[in-house]
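The file structure03.cif contains mmCIF, C-alpha atoms:
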data_protein
#
loop_
_atom_site.label_atom_id
_atom_site.label_comp_id
_atom_site.auth_asym_id
_atom_site.auth_seq_id
_atom_site.Cartn_x
_atom_site.Cartn_y
_atom_site.Cartn_z
CA MET A 91 27.49 -33.13 6.95
CA THR A 92 26.33 -29.92 5.27
CA THR A 93 22.65 -29.57 4.49
CA THR A 94 21.24 -27.31 1.81
CA THR A 95 19.01 -24.47 2.95
CA THR A 96 15.55 -24.68 1.41
CA ALA A 97 13.09 -21.91 0.61
CA LEU A 98 9.77 -21.32 -1.09
CA VAL A 99 8.97 -17.96 -2.69
CA THR A 100 5.40 -17.22 -3.78
CA GLY A 101 4.57 -15.06 -6.80
CA ALA A 102 8.09 -15.60 -8.06
CA ASN A 103 7.93 -15.76 -11.86
CA LYS A 104 8.89 -12.08 -12.21
CA GLY A 105 9.85 -8.89 -10.38
CA LEU A 106 10.80 -8.99 -6.72
CA GLY A 107 9.95 -12.66 -6.37
CA TYR A 108 12.14 -13.69 -9.29
CA GLU A 109 15.04 -11.57 -8.08
CA THR A 110 14.68 -13.01 -4.57
CA VAL A 111 14.82 -16.54 -5.97
CA ARG A 112 17.89 -15.65 -8.04
CA ARG A 113 19.77 -14.11 -5.14
CA LEU A 114 19.01 -16.90 -2.69
CA GLY A 115 19.78 -19.45 -5.38
CA GLU A 116 23.22 -17.89 -5.78
CA LEU A 117 23.84 -18.71 -2.13
CA GLY A 118 23.55 -22.38 -3.04
CA TRP A 119 20.05 -22.78 -1.61
CA GLN A 120 17.40 -25.13 -2.97
CA ILE A 121 14.56 -22.84 -4.02
CA PHE A 122 10.98 -23.63 -4.92
CA LEU A 123 9.71 -20.96 -7.29
CA GLY A 124 5.97 -20.64 -6.72
CA ALA A 125 3.79 -19.09 -9.41
CA ARG A 126 0.12 -19.12 -10.35
CA ASP A 127 0.82 -19.04 -14.10
CA ALA A 128 2.38 -22.44 -14.79
CA ASP A 129 3.90 -21.50 -18.15
CA ARG A 130 5.58 -18.35 -16.83
CA GLY A 131 6.66 -20.09 -13.65
CA LYS A 132 8.26 -22.97 -15.53
CA ARG A 133 10.06 -20.57 -17.88
CA ALA A 134 11.39 -18.58 -14.96
CA ALA A 135 12.61 -21.71 -13.18
CA VAL A 136 14.30 -22.99 -16.34
CA GLU A 137 16.03 -19.63 -16.90
CA LEU A 138 17.45 -19.69 -13.39
CA ALA A 139 18.35 -23.37 -13.50
CA GLU A 140 20.30 -22.71 -16.71
CA GLN A 141 22.43 -20.33 -14.63
CA GLY A 142 23.44 -23.27 -12.48
CA LEU A 143 21.01 -22.54 -9.65
CA ASN A 144 19.05 -25.19 -7.77
CA ILE A 145 15.56 -23.96 -8.68
CA GLU A 146 12.36 -25.96 -9.03
CA PHE A 147 8.97 -24.71 -10.15
CA VAL A 148 5.94 -25.43 -8.01
CA HIS A 149 2.48 -24.49 -9.19
CA LEU A 150 0.92 -22.30 -6.52
CA ASP A 151 -2.15 -20.12 -6.76
CA VAL A 152 -2.12 -18.55 -3.31
CA THR A 153 -5.84 -17.78 -3.47
CA SER A 154 -6.77 -21.45 -3.93
CA THR A 155 -6.77 -23.79 -0.95
CA ASP A 156 -6.58 -26.77 -3.31
CA SER A 157 -3.54 -25.32 -5.06
CA ILE A 158 -1.85 -24.59 -1.73
CA ALA A 159 -2.48 -28.15 -0.53
CA ALA A 160 -1.06 -29.53 -3.78
CA ALA A 161 2.01 -27.31 -3.42
CA VAL A 162 2.61 -28.55 0.13
CA GLU A 163 2.41 -32.11 -1.14
CA ALA A 164 4.77 -31.38 -4.04
CA VAL A 165 7.34 -29.63 -1.87
CA GLY A 166 7.03 -32.23 0.87
CA ALA A 167 7.80 -34.95 -1.65
CA ARG A 168 11.14 -33.27 -2.37
CA ILE A 169 12.30 -32.13 1.08
CA THR A 170 11.69 -33.02 4.72
CA ALA A 171 11.96 -29.47 6.08
CA LEU A 172 11.44 -25.94 4.76
CA ASP A 173 13.88 -23.40 6.17
CA VAL A 174 12.37 -20.25 4.70
CA LEU A 175 8.92 -19.24 3.46
CA ILE A 176 8.67 -15.93 1.63
CA ASN A 177 5.10 -14.72 1.14
CA ASN A 178 5.79 -12.42 -1.79
CA ALA A 179 2.68 -12.76 -3.96
CA GLY A 180 0.59 -9.60 -3.95
CA ILE A 181 -1.54 -7.31 -6.09
CA PRO A 182 -1.97 -3.51 -5.95
CA GLY A 183 -5.61 -3.29 -6.89
CA ALA A 184 -6.97 -0.23 -8.66
CA PHE A 185 -6.08 3.25 -7.45
CA ILE A 186 -9.58 4.56 -6.88
CA PRO A 187 -10.17 7.78 -4.91
CA PRO A 188 -11.11 6.82 -1.35
CA GLN A 189 -14.49 8.57 -1.60
CA GLU A 190 -15.34 6.39 -4.60
CA THR A 191 -14.03 3.12 -3.14
CA GLN A 192 -16.56 0.45 -2.25
CA ALA A 193 -16.31 -2.78 -0.26
CA ALA A 194 -16.16 -4.84 -3.45
CA ASP A 195 -12.89 -3.10 -4.33
CA PHE A 196 -11.23 -4.70 -1.31
CA ARG A 197 -12.05 -8.32 -1.95
CA ALA A 198 -9.50 -9.38 -4.56
CA VAL A 199 -6.74 -7.39 -2.87
CA PHE A 200 -7.41 -8.90 0.54
CA GLU A 201 -7.72 -12.40 -0.93
CA THR A 202 -4.17 -12.16 -2.27
CA ASN A 203 -2.44 -9.81 0.17
CA VAL A 204 -4.00 -10.87 3.48
CA PHE A 205 -5.90 -14.15 3.37
CA ALA A 206 -3.37 -15.91 1.12
CA PRO A 207 -0.29 -15.36 3.34
CA VAL A 208 -2.26 -16.74 6.28
CA GLN A 209 -3.44 -19.78 4.33
CA VAL A 210 0.00 -20.46 2.83
CA THR A 211 1.75 -20.03 6.17
CA HIS A 212 -0.71 -22.31 7.93
CA ALA A 213 -0.31 -25.00 5.28
CA PHE A 214 3.50 -24.96 5.35
CA LEU A 215 3.90 -24.82 9.15
CA PRO A 216 4.60 -28.56 9.50
CA LEU A 217 7.51 -28.34 7.04
CA LEU A 218 8.75 -25.13 8.66
CA ARG A 219 8.62 -26.64 12.15
CA ALA A 220 10.76 -29.52 10.88
CA ALA A 221 13.58 -27.06 10.11
CA THR A 222 16.35 -26.18 12.56
CA GLN A 223 15.91 -22.41 12.22
CA PRO A 224 12.73 -21.62 10.28
CA ARG A 225 12.07 -18.12 8.97
CA ILE A 226 8.99 -16.50 7.44
CA VAL A 227 9.23 -13.26 5.47
CA MET A 228 6.07 -11.32 4.71
CA VAL A 229 6.60 -8.91 1.81
CA SER A 230 4.79 -5.80 2.99
CA SER A 231 5.11 -2.15 1.94
CA GLY A 232 5.85 1.26 3.42
CA MET A 233 2.30 2.04 2.36
CA GLY A 234 1.15 -0.21 5.20
CA SER A 235 2.80 1.97 7.84
CA LEU A 236 0.48 4.42 9.59
CA THR A 237 3.51 6.46 10.61
CA ILE A 238 5.06 6.67 7.15
CA THR A 239 1.81 7.35 5.29
CA SER A 240 1.03 10.16 7.75
CA ASP A 241 4.34 11.90 7.05
CA PRO A 242 3.86 14.59 4.36
CA ASP A 243 7.56 14.36 3.51
CA ARG A 244 7.19 10.75 2.41
CA LEU A 245 6.04 9.71 -1.06
CA GLU A 246 3.75 7.12 0.52
CA SER A 247 1.59 9.87 2.02
CA SER A 248 0.51 10.98 -1.46
CA LEU A 249 -0.51 7.52 -2.69
CA LEU A 250 -4.13 7.00 -1.74
CA ASN A 251 -5.43 3.47 -2.12
CA LEU A 252 -7.75 2.13 0.57
CA PRO A 253 -7.58 -1.59 -0.32
CA TYR A 254 -3.84 -1.90 -0.87
CA THR A 255 -2.63 0.23 2.04
CA SER A 256 -5.01 -1.40 4.50
CA SER A 257 -4.08 -4.86 3.24
CA LYS A 258 -0.43 -4.21 4.03
CA SER A 259 -1.31 -2.76 7.43
CA ALA A 260 -3.23 -5.96 8.10
CA LEU A 261 -0.27 -8.04 6.94
CA ASN A 262 1.97 -6.16 9.34
CA MET A 263 -0.31 -7.03 12.26
CA ILE A 264 -0.47 -10.63 11.08
CA THR A 265 3.34 -10.69 11.09
CA SER A 266 3.43 -9.35 14.64
CA GLN A 267 0.84 -11.84 15.85
CA TYR A 268 2.59 -14.82 14.26
CA ALA A 269 5.89 -13.77 15.84
CA ARG A 270 4.25 -13.92 19.27
CA GLU A 271 2.49 -17.22 18.62
CA LEU A 272 5.40 -18.98 16.91
CA PRO A 273 8.40 -18.47 19.22
CA GLY A 274 10.47 -21.05 17.35
CA ILE A 275 10.06 -19.29 14.01
CA GLN A 276 11.47 -15.89 13.03
CA VAL A 277 8.63 -13.96 11.40
CA ASN A 278 9.31 -10.51 9.95
CA ALA A 279 7.86 -8.07 7.41
CA ALA A 280 9.92 -6.51 4.62
CA ASP A 281 9.25 -3.25 2.81
CA PRO A 282 10.96 -3.45 -0.61
CA GLY A 283 10.69 0.30 -1.12
CA TYR A 284 9.76 2.08 -4.34
CA THR A 285 11.20 -0.44 -6.78
CA ALA A 286 10.81 -0.53 -10.56
CA THR A 287 8.36 -3.39 -11.17
CA ASP A 288 5.12 -4.06 -13.02
CA PHE A 289 3.35 -2.86 -9.86
CA ASN A 290 4.19 0.74 -10.71
CA ALA A 291 4.79 0.49 -14.46
CA HIS A 292 8.52 0.46 -13.66
CA ALA A 293 8.37 4.00 -12.29
CA GLY A 294 10.17 3.06 -9.06
CA TYR A 295 13.62 4.51 -8.49
CA GLN A 296 15.15 1.40 -6.92
CA SER A 297 16.60 -1.55 -8.80
CA LEU A 298 15.29 -5.05 -8.22
CA THR A 299 18.45 -5.84 -6.28
CA GLU A 300 17.86 -2.87 -3.97
CA GLY A 301 14.21 -3.81 -3.68
CA THR A 302 15.05 -7.32 -2.51
CA ASP A 303 17.75 -6.30 -0.02
CA ALA A 304 15.39 -6.37 2.98
CA ILE A 305 13.75 -9.61 1.85
CA VAL A 306 17.08 -11.38 1.41
CA ARG A 307 18.40 -10.05 4.72
CA LEU A 308 15.39 -11.37 6.62
CA ALA A 309 15.52 -14.69 4.75
CA THR A 310 19.16 -15.17 5.73
CA LEU A 311 18.92 -14.17 9.40
CA GLY A 312 21.08 -15.98 11.90
CA PRO A 313 19.57 -17.66 14.97
CA ASP A 314 20.06 -14.48 17.01
CA GLY A 315 18.23 -12.32 14.44
CA PRO A 316 15.00 -10.42 15.10
CA THR A 317 11.44 -11.62 14.96
CA GLY A 318 8.22 -9.63 14.87
CA GLY A 319 9.90 -6.70 13.11
CA TYR A 320 9.27 -4.49 10.09
CA PHE A 321 12.27 -3.54 7.97
CA ASP A 322 13.36 -1.91 4.74
CA ARG A 323 16.85 -2.06 3.28
CA GLN A 324 18.04 0.66 5.69
CA GLY A 325 16.78 -0.99 8.87
CA PRO A 326 13.73 -1.03 11.19
CA LEU A 327 10.57 0.84 10.21
CA PRO A 328 7.82 2.35 12.37
CA TRP A 329 4.50 0.56 12.30
#
Using structure tokens, write down the structure from this file.
Amino acid sequence: MTTTTTALVTGANKGLGYETVRRLGELGWQIFLGARDADRGKRAAVELAEQGLNIEFVHLDVTSTDSIAAAVEAVGARITALDVLINNAGIPGAFIPPQETQAADFRAVFETNVFAPVQVTHAFLPLLRAATQPRIVMVSSGMGSLTITSDPDRLESSLLNLPYTSSKSALNMITSQYARELPGIQVNAADPGYTATDFNAHAGYQSLTEGTDAIVRLATLGPDGPTGGYFDRQGPLPW
């Protein structure tokens, strides 16, 4: 008997999240499209469902513990196991010169980019552990790499943003720690690369398909695939 692979993608009503849902949906997966904005999330799910994909909207504000708990209940009412969790939701924060940045500038960014993936992951662990080969993908950034951002030949070295860059560095460490603590779950971080999205006013040079290559690869890993790694569409990245 063939079972359908299930996945939840957070922040999925547009951009990288939407494209990830679309691509995984085309594989015949059952996808839960998580979004904070219910109207936009429902529209996105309907658009994809009209393409013949098995997509369901789930209301999910990743910064709200109540919303996360409700999402777990909603998803758990539909499936008995979650094969893949993709923590995609994130915000860039304001690009303020480091010397002008204050602690308050970190709070919203860390709530969404750091605390939320931890809270969402923790809440969905029971459903993930019920899966045969569970996978977690943390959508990170090359701007979270100390090695890459220290390389003057890389674009990332010229983009100064204390809250965002440090939030992605923190997410990378969280990924590494989870991979050690959860030996039965493949946990990896994906760097989409400089992709044209609302994040950068569509200035990125990669298409959404290119930007989701690493995410989709990590979501579709086989049992012998890596865990505790950091990858872009070309392969492993330095921390």
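Using only C-alpha atoms, the contacts of Gly118 in chain A at a cut-off of 12 Å, with sequence neighbours closer than 5 positions omitted, comprise A:Thr92, A:Thr93, A:Thr94, A:Thr95, A:Thr96, A:Ala97, A:Val111, A:Arg112, A:Arg113, A:Ala139, A:Gln141, A:Gly142, A:Leu143, A:Asn144, A:Ile145.
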Determine the residue membership of the PyMOL selection byres ((chain A and resi 209) around 10) for the file above and supply it as a list in words. Val152, Thr153, Ser154, Thr155, Ile158, Ala159, Val204, Phe205, Ala206, Pro207, Val208, Val210, Thr211, His212, Ala213 and Phe214 of chain A
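Applied to the file shown here, the PyMOL selection byres ((chain A and resi 262-277) around 7) selects the residues Gln223, Pro224, Arg225, Ile226, Val227, Met228, Ser230, Lys258, Ser259, Ala260, Leu261, Asn278, Ala279, Pro316, Thr317 and Gly318 of chain A.
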Let me know the residues the PyMOL selection byres ((chain A and resi 325-328) around 9) catches in the file above, as a list of chain:residue names.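 Output of the PyMOL selection byres ((chain A and resi 325-328) around 9): A:Gly232, A:Ser235, A:Leu236, A:Thr237, A:Ile238, A:Asp281, A:Ala304, A:Gly319, A:Tyr320, A:Phe321, A:Asp322, A:Arg323, A:Gln324, A:Trp329.
Between CA of Leu175 in chain A and CA of Arg126 in chain A there is a distance of 16.4 Å.
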Which residue, A:Asn178, A:Ser257, A:Thr302, A:Thr239, has the smallest gap to Asp195 in chain A when you use only C-alpha atoms? A:Ser257
Show which residues sit within 9 Å of Leu114 in chain A, as a PyMOL selection string. Count all atoms listed in the file, and ignore same-chain residues fewer than 5 positions away. chain A and resi 97+109+119-121+306+309-310
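Between CA of Val229 in chain A and CA of His149 in chain A there is a distance of 19.5 Å.
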Which of these residues is nearest to Ile305 in chain A, using all atoms listed in the file: A:Ala167, A:Ala184, A:Leu215, A:Val99?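 Nearest candidate to Ile305 in chain A out of A:Ala167, A:Ala184, A:Leu215, A:Val99: A:Val99.
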Protein/DNA/RNA residues near (8.4, -17.8, -10.3), cut 12 Å, all atoms listed in the file, as a CSV table (one decimal) with C-alpha atoms, keeping the file's coordinate frame:
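Dumped everything to point_12.csv:
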chain,number,residue,atom,x,y,z
A,98,LEU,CA,9.8,-21.3,-1.1
A,99,VAL,CA,9.0,-18.0,-2.7
A,100,THR,CA,5.4,-17.2,-3.8
A,101,GLY,CA,4.6,-15.1,-6.8
A,102,ALA,CA,8.1,-15.6,-8.1
A,103,ASN,CA,7.9,-15.8,-11.9
A,104,LYS,CA,8.9,-12.1,-12.2
A,105,GLY,CA,9.8,-8.9,-10.4
A,106,LEU,CA,10.8,-9.0,-6.7
A,107,GLY,CA,10.0,-12.7,-6.4
A,108,TYR,CA,12.1,-13.7,-9.3
A,109,GLU,CA,15.0,-11.6,-8.1
A,110,THR,CA,14.7,-13.0,-4.6
A,111,VAL,CA,14.8,-16.5,-6.0
A,112,ARG,CA,17.9,-15.6,-8.0
A,121,ILE,CA,14.6,-22.8,-4.0
A,122,PHE,CA,11.0,-23.6,-4.9
A,123,LEU,CA,9.7,-21.0,-7.3
A,124,GLY,CA,6.0,-20.6,-6.7
A,125,ALA,CA,3.8,-19.1,-9.4
A,126,ARG,CA,0.1,-19.1,-10.4
A,127,ASP,CA,0.8,-19.0,-14.1
A,128,ALA,CA,2.4,-22.4,-14.8
A,129,ASP,CA,3.9,-21.5,-18.2
A,130,ARG,CA,5.6,-18.4,-16.8
A,131,GLY,CA,6.7,-20.1,-13.6
A,132,LYS,CA,8.3,-23.0,-15.5
A,133,ARG,CA,10.1,-20.6,-17.9
A,134,ALA,CA,11.4,-18.6,-15.0
A,135,ALA,CA,12.6,-21.7,-13.2
A,136,VAL,CA,14.3,-23.0,-16.3
A,137,GLU,CA,16.0,-19.6,-16.9
A,138,LEU,CA,17.4,-19.7,-13.4
A,139,ALA,CA,18.4,-23.4,-13.5
A,145,ILE,CA,15.6,-24.0,-8.7
A,146,GLU,CA,12.4,-26.0,-9.0
A,147,PHE,CA,9.0,-24.7,-10.2
A,148,VAL,CA,5.9,-25.4,-8.0
A,149,HIS,CA,2.5,-24.5,-9.2
A,150,LEU,CA,0.9,-22.3,-6.5
A,151,ASP,CA,-2.2,-20.1,-6.8
A,178,ASN,CA,5.8,-12.4,-1.8
A,179,ALA,CA,2.7,-12.8,-4.0
